[in-house]
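Just entry_10.cif here, mmCIF, C-alpha atoms, pLDDT in the B column; chains and numbers go by the auth columns:
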data_final
#
loop_
_atom_site.group_PDB
_atom_site.id
_atom_site.type_symbol
_atom_site.label_atom_id
_atom_site.label_comp_id
_atom_site.label_asym_id
_atom_site.label_seq_id
_atom_site.Cartn_x
_atom_site.Cartn_y
_atom_site.Cartn_z
_atom_site.B_iso_or_equiv
_atom_site.auth_seq_id
_atom_site.auth_asym_id
ATOM 1 C CA MET A 1 2.226 -96.258 -42.832 59.00 1 X
ATOM 2 C CA HIS A 2 0.388 -96.248 -39.492 73.00 2 X
ATOM 3 C CA THR A 3 -3.252 -97.230 -39.208 87.00 3 X
ATOM 4 C CA LEU A 4 -5.717 -95.800 -36.732 95.00 4 X
ATOM 5 C CA ARG A 5 -7.066 -98.143 -34.078 96.00 5 X
ATOM 6 C CA PHE A 6 -9.996 -97.137 -31.862 97.00 6 X
ATOM 7 C CA THR A 7 -9.666 -98.204 -28.223 97.00 7 X
ATOM 8 C CA ALA A 8 -12.750 -96.748 -26.493 97.00 8 X
ATOM 9 C CA GLN A 9 -16.012 -94.990 -27.309 97.00 9 X
ATOM 10 C CA THR A 10 -18.559 -92.885 -25.437 97.00 10 X
ATOM 11 C CA SER A 11 -21.308 -90.510 -26.535 95.00 11 X
ATOM 12 C CA SER A 12 -23.200 -87.588 -25.039 92.00 12 X
ATOM 13 C CA ASN A 13 -25.333 -84.686 -26.261 91.00 13 X
ATOM 14 C CA GLY A 14 -25.031 -85.713 -29.891 92.00 14 X
ATOM 15 C CA VAL A 15 -21.232 -86.084 -29.821 96.00 15 X
ATOM 16 C CA VAL A 16 -19.413 -89.407 -30.215 96.00 16 X
ATOM 17 C CA GLU A 17 -15.979 -89.472 -28.531 97.00 17 X
ATOM 18 C CA ARG A 18 -13.533 -92.175 -29.576 97.00 18 X
ATOM 19 C CA ASP A 19 -10.052 -92.729 -28.165 98.00 19 X
ATOM 20 C CA PHE A 20 -7.537 -93.964 -30.708 98.00 20 X
ATOM 21 C CA LEU A 21 -3.944 -94.927 -31.316 97.00 21 X
ATOM 22 C CA VAL A 22 -1.917 -94.222 -34.461 97.00 22 X
ATOM 23 C CA GLY A 23 1.082 -96.422 -33.811 94.00 23 X
ATOM 24 C CA GLU A 24 2.025 -95.326 -30.297 93.00 24 X
ATOM 25 C CA ILE A 25 0.421 -91.866 -30.623 96.00 25 X
ATOM 26 C CA PRO A 26 -2.686 -91.527 -28.404 97.00 26 X
ATOM 27 C CA GLY A 27 -5.516 -89.265 -29.434 98.00 27 X
ATOM 28 C CA VAL A 28 -9.241 -88.657 -29.435 98.00 28 X
ATOM 29 C CA LEU A 29 -11.765 -88.076 -32.215 98.00 29 X
ATOM 30 C CA TRP A 30 -15.052 -86.245 -31.625 97.00 30 X
ATOM 31 C CA SER A 31 -17.731 -86.668 -34.292 95.00 31 X
ATOM 32 C CA PRO A 32 -21.424 -85.903 -34.768 94.00 32 X
ATOM 33 C CA ALA A 33 -23.685 -88.759 -33.685 90.00 33 X
ATOM 34 C CA SER A 34 -25.671 -88.145 -36.855 82.00 34 X
ATOM 35 C CA GLY A 35 -25.336 -85.954 -39.905 69.00 35 X
ATOM 36 C CA PRO A 36 -23.682 -85.921 -43.346 66.00 36 X
ATOM 37 C CA ASP A 37 -21.520 -88.866 -44.377 73.00 37 X
ATOM 38 C CA ARG A 38 -18.450 -86.617 -44.439 82.00 38 X
ATOM 39 C CA ALA A 39 -17.577 -83.453 -42.564 87.00 39 X
ATOM 40 C CA PRO A 40 -14.662 -80.999 -42.381 94.00 40 X
ATOM 41 C CA LEU A 41 -11.977 -81.832 -39.815 97.00 41 X
ATOM 42 C CA VAL A 42 -10.431 -79.525 -37.215 98.00 42 X
ATOM 43 C CA LEU A 43 -7.174 -80.525 -35.502 98.00 43 X
ATOM 44 C CA LEU A 44 -6.850 -79.314 -31.899 98.00 44 X
ATOM 45 C CA GLY A 45 -3.439 -78.644 -30.362 98.00 45 X
ATOM 46 C CA HIS A 46 -3.300 -78.521 -26.556 97.00 46 X
ATOM 47 C CA GLY A 47 -1.247 -76.235 -24.350 96.00 47 X
ATOM 48 C CA GLY A 48 1.897 -77.090 -22.403 94.00 48 X
ATOM 49 C CA GLY A 49 1.303 -79.445 -19.510 92.00 49 X
ATOM 50 C CA ARG A 50 -2.168 -80.320 -20.845 94.00 50 X
ATOM 51 C CA THR A 51 -3.523 -83.327 -22.735 96.00 51 X
ATOM 52 C CA SER A 52 -5.871 -83.977 -25.626 96.00 52 X
ATOM 53 C CA LYS A 53 -8.727 -84.479 -23.147 95.00 53 X
ATOM 54 C CA ALA A 54 -8.197 -81.364 -21.017 95.00 54 X
ATOM 55 C CA PRO A 55 -11.542 -79.689 -20.215 94.00 55 X
ATOM 56 C CA GLY A 56 -10.850 -76.751 -22.515 94.00 56 X
ATOM 57 C CA MET A 57 -10.030 -79.097 -25.385 97.00 57 X
ATOM 58 C CA THR A 58 -13.177 -81.131 -24.870 96.00 58 X
ATOM 59 C CA GLY A 59 -15.274 -77.976 -24.670 96.00 59 X
ATOM 60 C CA ARG A 60 -13.878 -76.592 -27.932 97.00 60 X
ATOM 61 C CA ALA A 61 -14.346 -79.943 -29.632 97.00 61 X
ATOM 62 C CA HIS A 62 -17.988 -80.206 -28.564 97.00 62 X
ATOM 63 C CA ARG A 63 -18.698 -76.693 -29.824 96.00 63 X
ATOM 64 C CA LEU A 64 -17.197 -77.422 -33.234 96.00 64 X
ATOM 65 C CA VAL A 65 -19.102 -80.702 -33.495 96.00 65 X
ATOM 66 C CA THR A 66 -22.488 -79.494 -32.285 94.00 66 X
ATOM 67 C CA ASP A 67 -22.458 -76.018 -33.865 94.00 67 X
ATOM 68 C CA CYS A 68 -20.802 -76.845 -37.192 93.00 68 X
ATOM 69 C CA GLY A 69 -21.142 -80.606 -37.657 93.00 69 X
ATOM 70 C CA PHE A 70 -17.351 -80.963 -37.889 95.00 70 X
ATOM 71 C CA SER A 71 -15.160 -83.864 -36.833 96.00 71 X
ATOM 72 C CA VAL A 72 -12.454 -82.802 -34.367 98.00 72 X
ATOM 73 C CA ALA A 73 -9.244 -84.618 -33.455 98.00 73 X
ATOM 74 C CA ALA A 74 -6.490 -84.114 -30.879 98.00 74 X
ATOM 75 C CA ILE A 75 -3.357 -86.035 -29.962 98.00 75 X
ATOM 76 C CA ASP A 76 -1.170 -85.904 -26.866 98.00 76 X
ATOM 77 C CA ALA A 77 2.038 -84.033 -27.622 97.00 77 X
ATOM 78 C CA PRO A 78 5.394 -85.752 -27.002 96.00 78 X
ATOM 79 C CA GLY A 79 6.140 -85.933 -23.278 95.00 79 X
ATOM 80 C CA HIS A 80 2.528 -85.163 -22.328 95.00 80 X
ATOM 81 C CA GLY A 81 -0.259 -87.259 -20.873 91.00 81 X
ATOM 82 C CA GLY A 82 0.925 -90.804 -20.432 86.00 82 X
ATOM 83 C CA ARG A 83 3.635 -90.495 -23.081 93.00 83 X
ATOM 84 C CA PRO A 84 7.230 -91.128 -21.992 94.00 84 X
ATOM 85 C CA ARG A 85 9.479 -88.141 -21.372 95.00 85 X
ATOM 86 C CA THR A 86 12.951 -87.753 -22.790 95.00 86 X
ATOM 87 C CA ALA A 87 15.897 -86.433 -20.771 95.00 87 X
ATOM 88 C CA THR A 88 15.310 -83.077 -22.503 93.00 88 X
ATOM 89 C CA ASP A 89 11.676 -83.095 -21.368 94.00 89 X
ATOM 90 C CA GLU A 90 12.656 -83.724 -17.760 95.00 90 X
ATOM 91 C CA ARG A 91 15.374 -81.071 -17.788 96.00 91 X
ATOM 92 C CA GLU A 92 13.270 -78.345 -19.417 95.00 92 X
ATOM 93 C CA ILE A 93 10.196 -79.022 -17.281 94.00 93 X
ATOM 94 C CA ALA A 94 12.321 -78.778 -14.127 95.00 94 X
ATOM 95 C CA ALA A 95 13.812 -75.497 -15.380 96.00 95 X
ATOM 96 C CA MET A 96 10.356 -74.044 -16.084 94.00 96 X
ATOM 97 C CA GLN A 97 9.043 -75.066 -12.684 93.00 97 X
ATOM 98 C CA GLN A 98 12.058 -73.528 -10.971 95.00 98 X
ATOM 99 C CA ALA A 99 11.641 -70.245 -12.881 94.00 99 X
ATOM 100 C CA MET A 100 7.911 -70.065 -12.130 91.00 100 X
ATOM 101 C CA THR A 101 8.506 -70.758 -8.439 92.00 101 X
ATOM 102 C CA ALA A 102 11.065 -67.949 -8.363 94.00 102 X
ATOM 103 C CA GLY A 103 8.749 -65.587 -10.234 91.00 103 X
ATOM 104 C CA GLU A 104 11.202 -65.308 -13.139 93.00 104 X
ATOM 105 C CA PRO A 105 10.367 -64.977 -16.859 92.00 105 X
ATOM 106 C CA VAL A 106 9.888 -68.326 -18.582 95.00 106 X
ATOM 107 C CA GLY A 107 9.931 -67.324 -22.239 95.00 107 X
ATOM 108 C CA SER A 108 13.620 -68.100 -22.744 95.00 108 X
ATOM 109 C CA ILE A 109 12.901 -71.655 -21.543 96.00 109 X
ATOM 110 C CA VAL A 110 9.477 -72.259 -23.090 96.00 110 X
ATOM 111 C CA VAL A 111 10.293 -71.097 -26.625 97.00 111 X
ATOM 112 C CA PRO A 112 13.233 -73.440 -27.354 96.00 112 X
ATOM 113 C CA TYR A 113 11.619 -76.315 -25.450 97.00 113 X
ATOM 114 C CA ASN A 114 8.370 -75.970 -27.384 97.00 114 X
ATOM 115 C CA ALA A 115 10.381 -75.851 -30.607 97.00 115 X
ATOM 116 C CA ASP A 116 11.891 -79.209 -29.631 96.00 116 X
ATOM 117 C CA ILE A 117 8.415 -80.621 -28.943 97.00 117 X
ATOM 118 C CA ALA A 118 7.150 -79.250 -32.257 98.00 118 X
ATOM 119 C CA GLU A 119 9.962 -80.942 -34.165 97.00 119 X
ATOM 120 C CA ARG A 120 8.741 -84.261 -32.782 97.00 120 X
ATOM 121 C CA ALA A 121 5.025 -83.472 -32.952 98.00 121 X
ATOM 122 C CA VAL A 122 4.702 -82.261 -36.557 98.00 122 X
ATOM 123 C CA PRO A 123 5.416 -85.647 -38.205 97.00 123 X
ATOM 124 C CA GLU A 124 3.112 -87.276 -35.644 98.00 124 X
ATOM 125 C CA TRP A 125 0.311 -84.925 -36.620 98.00 125 X
ATOM 126 C CA GLN A 126 0.910 -85.644 -40.296 98.00 126 X
ATOM 127 C CA ALA A 127 0.773 -89.400 -39.699 97.00 127 X
ATOM 128 C CA THR A 128 -2.415 -88.930 -37.670 98.00 128 X
ATOM 129 C CA LEU A 129 -3.987 -86.804 -40.404 98.00 129 X
ATOM 130 C CA ASP A 130 -3.110 -89.474 -42.982 97.00 130 X
ATOM 131 C CA ALA A 131 -4.858 -92.094 -40.843 97.00 131 X
ATOM 132 C CA LEU A 132 -7.891 -89.915 -40.080 97.00 132 X
ATOM 133 C CA GLN A 133 -8.481 -89.183 -43.746 95.00 133 X
ATOM 134 C CA GLU A 134 -8.700 -92.902 -44.386 94.00 134 X
ATOM 135 C CA LEU A 135 -11.887 -92.984 -42.295 93.00 135 X
ATOM 136 C CA PRO A 136 -15.025 -92.922 -44.453 90.00 136 X
ATOM 137 C CA GLU A 137 -16.669 -90.236 -42.308 89.00 137 X
ATOM 138 C CA ILE A 138 -13.742 -87.834 -42.867 93.00 138 X
ATOM 139 C CA GLY A 139 -12.001 -88.507 -46.182 92.00 139 X
ATOM 140 C CA ALA A 140 -9.938 -85.900 -48.011 92.00 140 X
ATOM 141 C CA GLY A 141 -12.091 -82.920 -47.042 90.00 141 X
ATOM 142 C CA PRO A 142 -11.231 -79.466 -45.630 94.00 142 X
ATOM 143 C CA VAL A 143 -8.910 -79.339 -42.598 97.00 143 X
ATOM 144 C CA GLY A 144 -8.377 -76.594 -40.018 98.00 144 X
ATOM 145 C CA TYR A 145 -6.046 -76.251 -37.021 98.00 145 X
ATOM 146 C CA PHE A 146 -6.854 -74.676 -33.627 98.00 146 X
ATOM 147 C CA GLY A 147 -4.141 -74.355 -30.987 98.00 147 X
ATOM 148 C CA LEU A 148 -2.990 -71.722 -28.482 98.00 148 X
ATOM 149 C CA ASN A 149 0.153 -71.556 -26.339 97.00 149 X
ATOM 150 C CA MET A 150 2.187 -74.698 -27.095 98.00 150 X
ATOM 151 C CA GLY A 151 -0.548 -75.498 -29.606 98.00 151 X
ATOM 152 C CA THR A 152 0.747 -72.510 -31.574 98.00 152 X
ATOM 153 C CA ALA A 153 4.391 -73.575 -31.262 98.00 153 X
ATOM 154 C CA ILE A 154 3.333 -76.833 -32.931 98.00 154 X
ATOM 155 C CA GLY A 155 0.650 -75.375 -35.178 98.00 155 X
ATOM 156 C CA VAL A 156 2.854 -72.825 -36.942 98.00 156 X
ATOM 157 C CA PRO A 157 5.370 -75.335 -38.351 98.00 157 X
ATOM 158 C CA LEU A 158 2.594 -77.861 -38.994 98.00 158 X
ATOM 159 C CA THR A 159 0.509 -75.358 -40.968 98.00 159 X
ATOM 160 C CA ALA A 160 3.600 -74.209 -42.863 98.00 160 X
ATOM 161 C CA VAL A 161 4.414 -77.697 -44.165 98.00 161 X
ATOM 162 C CA GLU A 162 0.941 -79.236 -44.380 98.00 162 X
ATOM 163 C CA PRO A 163 -1.003 -78.094 -47.472 97.00 163 X
ATOM 164 C CA ARG A 164 -4.145 -79.888 -46.280 97.00 164 X
ATOM 165 C CA ILE A 165 -4.590 -77.263 -43.522 98.00 165 X
ATOM 166 C CA THR A 166 -6.463 -74.342 -45.076 98.00 166 X
ATOM 167 C CA ALA A 167 -7.282 -72.176 -42.018 98.00 167 X
ATOM 168 C CA ALA A 168 -5.853 -71.846 -38.507 98.00 168 X
ATOM 169 C CA VAL A 169 -6.604 -70.214 -35.153 98.00 169 X
ATOM 170 C CA LEU A 170 -3.377 -69.535 -33.229 98.00 170 X
ATOM 171 C CA GLY A 171 -1.958 -67.209 -30.578 98.00 171 X
ATOM 172 C CA ILE A 172 -0.778 -66.624 -27.005 98.00 172 X
ATOM 173 C CA PHE A 173 2.864 -67.258 -27.835 98.00 173 X
ATOM 174 C CA TRP A 174 6.189 -65.459 -27.981 98.00 174 X
ATOM 175 C CA TYR A 175 7.937 -64.017 -31.020 98.00 175 X
ATOM 176 C CA ASP A 176 11.047 -65.957 -31.942 96.00 176 X
ATOM 177 C CA GLU A 177 12.943 -65.351 -35.161 97.00 177 X
ATOM 178 C CA SER A 178 12.932 -69.012 -36.144 97.00 178 X
ATOM 179 C CA LEU A 179 9.200 -69.349 -35.482 98.00 179 X
ATOM 180 C CA ALA A 180 8.533 -66.045 -37.247 98.00 180 X
ATOM 181 C CA GLU A 181 10.489 -67.199 -40.290 98.00 181 X
ATOM 182 C CA THR A 182 8.220 -70.240 -40.427 98.00 182 X
ATOM 183 C CA ALA A 183 5.133 -68.037 -39.983 98.00 183 X
ATOM 184 C CA ARG A 184 6.209 -65.994 -43.014 98.00 184 X
ATOM 185 C CA ARG A 185 5.647 -69.101 -45.151 98.00 185 X
ATOM 186 C CA ILE A 186 1.993 -69.318 -44.098 98.00 186 X
ATOM 187 C CA THR A 187 -0.595 -67.755 -46.400 98.00 187 X
ATOM 188 C CA VAL A 188 -3.856 -69.437 -45.288 98.00 188 X
ATOM 189 C CA PRO A 189 -6.441 -67.412 -43.307 98.00 189 X
ATOM 190 C CA ILE A 190 -5.348 -66.877 -39.692 98.00 190 X
ATOM 191 C CA GLU A 191 -7.181 -65.779 -36.561 98.00 191 X
ATOM 192 C CA PHE A 192 -4.674 -64.803 -33.873 98.00 192 X
ATOM 193 C CA VAL A 193 -5.485 -64.419 -30.171 98.00 193 X
ATOM 194 C CA LEU A 194 -3.454 -62.153 -27.869 98.00 194 X
ATOM 195 C CA GLN A 195 -3.869 -61.156 -24.218 98.00 195 X
ATOM 196 C CA TRP A 196 -3.050 -57.463 -23.838 97.00 196 X
ATOM 197 C CA ASP A 197 -2.014 -57.760 -20.176 97.00 197 X
ATOM 198 C CA ASP A 198 -0.212 -61.122 -20.455 97.00 198 X
ATOM 199 C CA GLU A 199 2.236 -61.391 -17.564 95.00 199 X
ATOM 200 C CA ASN A 200 4.360 -63.935 -19.446 94.00 200 X
ATOM 201 C CA ILE A 201 4.331 -62.773 -23.055 97.00 201 X
ATOM 202 C CA PRO A 202 5.055 -59.063 -23.722 96.00 202 X
ATOM 203 C CA ARG A 203 2.377 -57.693 -26.053 96.00 203 X
ATOM 204 C CA GLU A 204 5.092 -56.461 -28.431 97.00 204 X
ATOM 205 C CA SER A 205 6.272 -60.055 -28.776 98.00 205 X
ATOM 206 C CA GLY A 206 2.798 -61.375 -29.590 97.00 206 X
ATOM 207 C CA LEU A 207 2.145 -58.528 -32.011 98.00 207 X
ATOM 208 C CA ALA A 208 5.421 -59.221 -33.810 98.00 208 X
ATOM 209 C CA LEU A 209 4.506 -62.891 -34.261 98.00 209 X
ATOM 210 C CA PHE A 210 1.093 -61.917 -35.650 98.00 210 X
ATOM 211 C CA ASP A 211 2.760 -59.499 -38.051 98.00 211 X
ATOM 212 C CA ALA A 212 5.036 -62.254 -39.375 98.00 212 X
ATOM 213 C CA PHE A 213 2.255 -64.264 -41.045 98.00 213 X
ATOM 214 C CA SER A 214 2.026 -63.687 -44.804 98.00 214 X
ATOM 215 C CA SER A 215 -1.699 -64.435 -44.934 98.00 215 X
ATOM 216 C CA LYS A 216 -3.799 -61.972 -46.921 97.00 216 X
ATOM 217 C CA GLU A 217 -6.600 -62.633 -44.451 97.00 217 X
ATOM 218 C CA LYS A 218 -5.479 -62.504 -40.832 98.00 218 X
ATOM 219 C CA SER A 219 -7.368 -61.136 -37.846 98.00 219 X
ATOM 220 C CA LEU A 220 -5.910 -60.040 -34.511 98.00 220 X
ATOM 221 C CA HIS A 221 -8.100 -60.638 -31.465 98.00 221 X
ATOM 222 C CA ALA A 222 -6.502 -58.679 -28.606 97.00 222 X
ATOM 223 C CA ASN A 223 -8.328 -58.929 -25.294 97.00 223 X
ATOM 224 C CA SER A 224 -7.628 -57.298 -21.958 97.00 224 X
ATOM 225 C CA GLY A 225 -6.589 -59.720 -19.238 97.00 225 X
ATOM 226 C CA ALA A 226 -3.768 -61.968 -18.123 97.00 226 X
ATOM 227 C CA HIS A 227 -2.217 -65.018 -19.780 96.00 227 X
ATOM 228 C CA LYS A 228 -4.901 -67.471 -18.652 94.00 228 X
ATOM 229 C CA GLU A 229 -7.849 -65.097 -19.031 97.00 229 X
ATOM 230 C CA VAL A 230 -8.703 -65.644 -22.692 97.00 230 X
ATOM 231 C CA PRO A 231 -12.435 -64.836 -22.906 96.00 231 X
ATOM 232 C CA ARG A 232 -14.776 -67.730 -23.550 93.00 232 X
ATOM 233 C CA PHE A 233 -16.303 -65.833 -26.457 95.00 233 X
ATOM 234 C CA GLU A 234 -13.094 -66.393 -28.414 97.00 234 X
ATOM 235 C CA VAL A 235 -14.340 -69.944 -28.939 96.00 235 X
ATOM 236 C CA ASP A 236 -17.496 -68.467 -30.495 96.00 236 X
ATOM 237 C CA SER A 237 -15.288 -66.522 -32.867 97.00 237 X
ATOM 238 C CA ALA A 238 -13.193 -69.584 -33.712 97.00 238 X
ATOM 239 C CA VAL A 239 -16.353 -71.564 -34.505 96.00 239 X
ATOM 240 C CA ARG A 240 -17.527 -68.847 -36.901 96.00 240 X
ATOM 241 C CA PHE A 241 -14.037 -68.615 -38.441 97.00 241 X
ATOM 242 C CA PHE A 242 -13.876 -72.335 -39.204 97.00 242 X
ATOM 243 C CA ALA A 243 -17.466 -72.441 -40.439 96.00 243 X
ATOM 244 C CA ARG A 244 -16.611 -69.651 -42.857 95.00 244 X
ATOM 245 C CA HIS A 245 -13.434 -71.236 -44.176 96.00 245 X
ATOM 246 C CA LEU A 246 -14.175 -74.955 -43.975 95.00 246 X
ATOM 247 C CA GLY A 247 -17.764 -74.844 -45.168 86.00 247 X
ATOM 248 C CA GLY A 248 -19.723 -75.644 -42.024 64.00 248 X
ATOM 249 C CA THR A 249 -23.067 -74.178 -40.946 64.00 249 X
ATOM 250 C CA VAL A 250 -22.991 -72.378 -37.610 63.00 250 X
ATOM 251 C CA GLY A 251 -25.758 -73.438 -35.221 58.00 251 X
ATOM 252 C CA ALA A 252 -28.209 -71.163 -33.513 41.00 252 X
ATOM 253 C CA SER A 253 -26.238 -71.025 -30.242 46.00 253 X
ATOM 254 C CA ILE A 254 -23.667 -68.576 -31.661 43.00 254 X
#
Reformat the file's structure so that it appears as C-alpha cells.
Amino acid sequence: MHTLRFTAQTSSNGVVERDFLVGEIPGVLWSPASGPDRAPLVLLGHGGGRTSKAPGMTGRAHRLVTDCGFSVAAIDAPGHGGRPRTATDEREIAAMQQAMTAGEPVGSIVVPYNADIAERAVPEWQATLDALQELPEIGAGPVGYFGLNMGTAIGVPLTAVEPRITAAVLGIFWYDESLAETARRITVPIEFVLQWDDENIPRESGLALFDAFSSKEKSLHANSGAHKEVPRFEVDSAVRFFARHLGGTVGASI
C-alpha cells in the first residue's frame, strides 16, 4: 500500500496547493485554506499532452475549492509531465504528430493509445484515492471525477470500476465500442460536454458515447465551436453539478 508524501506547498487566494508523490506517481492537491474539517473530493483528469498543473487544470481546481469548499486532486498520467515514456508512448506520440502535421484524422491513433494510457492510469488513480482518503481533511467522503479529452478516456473506466466516485463530468472524446461497453456499466450522474463543430471528433461519435451511459441522470452540454473552444461557462456548470451531487455550497460568484 502506497502512502502519500507531500513535497512542496504554496498558497494563494484562500487555496493551499501541495505537490505530492504516491509511490512514483506525481500529483497535486488543492484544498481550502480554512473551512470544515472534511470536504468532498473531486479528481481532475488532464488532457493528452497536458499535466496536472496545466493552467486549465489549476483554474478548475481553484473554482471548485473557492466556490464549493472542495478538495481537488490531479495526477500526471503515464508518459506525461516528467514521467518516463514507454516505447509505445514514443511510437504513438510520433504517429499523432505526423498525422496532425499532415492534416489527417487522429481518432484512429488517439483512441487506442488513450486506452493503453487508461489501462495504466486507472490503478494509479485508485492507489492515489486510497492515499488521499487517509488524510484527515478528506477521509471517506463523497468523490467526483472531472476530465475531458484524455481525461474522459481515463475517467470512463475509472468511474466504471470505482464505487467511491458518485458523479462525473466527461466529454470531448470519440465513440469506441470498447469504451462504450464500459460506459454502459456507469449509472452515476453524468454531465457530458460536446463541441458541435469539433474538427477532430464527429458529433455523431460524441453523441453515441453520451448515449452509451446507463445513468438515469445524464445531461448533454453541446456547444457550438471547435475542439479547443469549450466555453468557460462550462466550468460554472461543472461547479454547480458537483455541488449538487457531492453536497457542497456554491459561492456567490456563480
message: So, with only C-alpha atoms as the atoms that count, which of X:Ala222, X:Ala74, X:Ala118, X:Ile165 lies closest to Ala54 in chain X?
response: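 Closest residue, counting only C-alpha atoms: X:Ala74.
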task: Find, counting only C-alpha atoms, the residue in X:Ala33, X:Asn223, X:Ile109, X:Tyr175 that gets nearest to Leu194 in chain X.
output: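 Closest residue, counting only C-alpha atoms: X:Asn223.
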- request: Spell out the residues picked by the PyMOL selection byres ((chain X and resi 217) around 10) here, as JSON, numbers by chain.
  value: {"X": [167, 187, 188, 189, 190, 191, 213, 214, 215, 216, 218, 219]}
What does the file look like for those residues with C-alpha atoms, as an mmCIF file, keeping the file's coordinate frame?
data_model
loop_
_atom_site.group_PDB
_atom_site.id
_atom_site.type_symbol
_atom_site.label_atom_id
_atom_site.label_comp_id
_atom_site.auth_asym_id
_atom_site.auth_seq_id
_atom_site.Cartn_x
_atom_site.Cartn_y
_atom_site.Cartn_z
ATOM 1 C CA ALA X 167 -7.282 -72.176 -42.018
ATOM 2 C CA THR X 187 -0.595 -67.755 -46.400
ATOM 3 C CA VAL X 188 -3.856 -69.437 -45.288
ATOM 4 C CA PRO X 189 -6.441 -67.412 -43.307
ATOM 5 C CA ILE X 190 -5.348 -66.877 -39.692
ATOM 6 C CA GLU X 191 -7.181 -65.779 -36.561
ATOM 7 C CA PHE X 213 2.255 -64.264 -41.045
ATOM 8 C CA SER X 214 2.026 -63.687 -44.804
ATOM 9 C CA SER X 215 -1.699 -64.435 -44.934
ATOM 10 C CA LYS X 216 -3.799 -61.972 -46.921
ATOM 11 C CA LYS X 218 -5.479 -62.504 -40.832
ATOM 12 C CA SER X 219 -7.368 -61.136 -37.846
#
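The space separating CA of Pro136 in chain X from CA of Arg38 in chain X comes to 7.2 Å.
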Closest of X:Asp19, X:Glu124, X:Glu181, X:Glu92 to Ala212 in chain X - atom-to-atom distances counting all atoms listed in the file: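 That would be X:Glu181, the residue with the smallest distance to Ala212 in chain X.
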query: Taking all atoms listed in the file into account, which of X:Arg184, X:Arg240, X:His221, X:Lys228 comes nearest Glu199 in chain X?
result: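 Distance minimum relative to Glu199 in chain X lands on X:Lys228.
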- prompt: When you draw a straight line from CA of Met150 in chain X to CA of Gly47 in chain X, how long is it in Å?
  reply: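 Result for CA of Met150 in chain X versus CA of Gly47 in chain X: 4.7 Å, one decimal.
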Could you produce a table of the residues of range 119-222 of chain X lying within 12 Å of range 55-71 of chain X, with the nearest pair of atoms per residue and their separation in Å rounded to one decimal, using all atoms listed in the file, ordered by chain and increasing residue number, as JSON lines?
{"residue": "X:Leu132", "atom": "CA", "partner": "X:Ser71", "partner_atom": "CA", "distance": 10.0}
{"residue": "X:Gln133", "atom": "CA", "partner": "X:Ser71", "partner_atom": "CA", "distance": 11.0}
{"residue": "X:Leu135", "atom": "CA", "partner": "X:Ser71", "partner_atom": "CA", "distance": 11.1}
{"residue": "X:Pro136", "atom": "CA", "partner": "X:Ser71", "partner_atom": "CA", "distance": 11.8}
{"residue": "X:Glu137", "atom": "CA", "partner": "X:Ser71", "partner_atom": "CA", "distance": 8.5}
{"residue": "X:Ile138", "atom": "CA", "partner": "X:Ser71", "partner_atom": "CA", "distance": 7.4}
{"residue": "X:Gly139", "atom": "CA", "partner": "X:Ser71", "partner_atom": "CA", "distance": 10.9}
{"residue": "X:Gly141", "atom": "CA", "partner": "X:Ser71", "partner_atom": "CA", "distance": 10.7}
{"residue": "X:Pro142", "atom": "CA", "partner": "X:Phe70", "partner_atom": "CA", "distance": 10.0}
{"residue": "X:Val143", "atom": "CA", "partner": "X:Ser71", "partner_atom": "CA", "distance": 9.6}
{"residue": "X:Gly144", "atom": "CA", "partner": "X:Phe70", "partner_atom": "CA", "distance": 10.2}
{"residue": "X:Tyr145", "atom": "CA", "partner": "X:Ala61", "partner_atom": "CA", "distance": 11.7}
{"residue": "X:Phe146", "atom": "CA", "partner": "X:Arg60", "partner_atom": "CA", "distance": 9.2}
{"residue": "X:Gly147", "atom": "CA", "partner": "X:Met57", "partner_atom": "CA", "distance": 9.4}
{"residue": "X:Leu148", "atom": "CA", "partner": "X:Met57", "partner_atom": "CA", "distance": 10.7}
{"residue": "X:Gly151", "atom": "CA", "partner": "X:Met57", "partner_atom": "CA", "distance": 11.0}
message: For the provided coordinates, the residues matched by the PyMOL selection byres ((chain X and resi 77) around 12) should be stated as an MDAnalysis selection string.
response: chainID X and resid 24:27 44:53 74:76 78:85 89 114 116:125 147 150:151 153:155
message: Which residue is closest to Pro40 in chain X? Choose from X:Ala95, X:Val16, X:Val106, X:Ala73 and count only C-alpha atoms.
response: X:Ala73
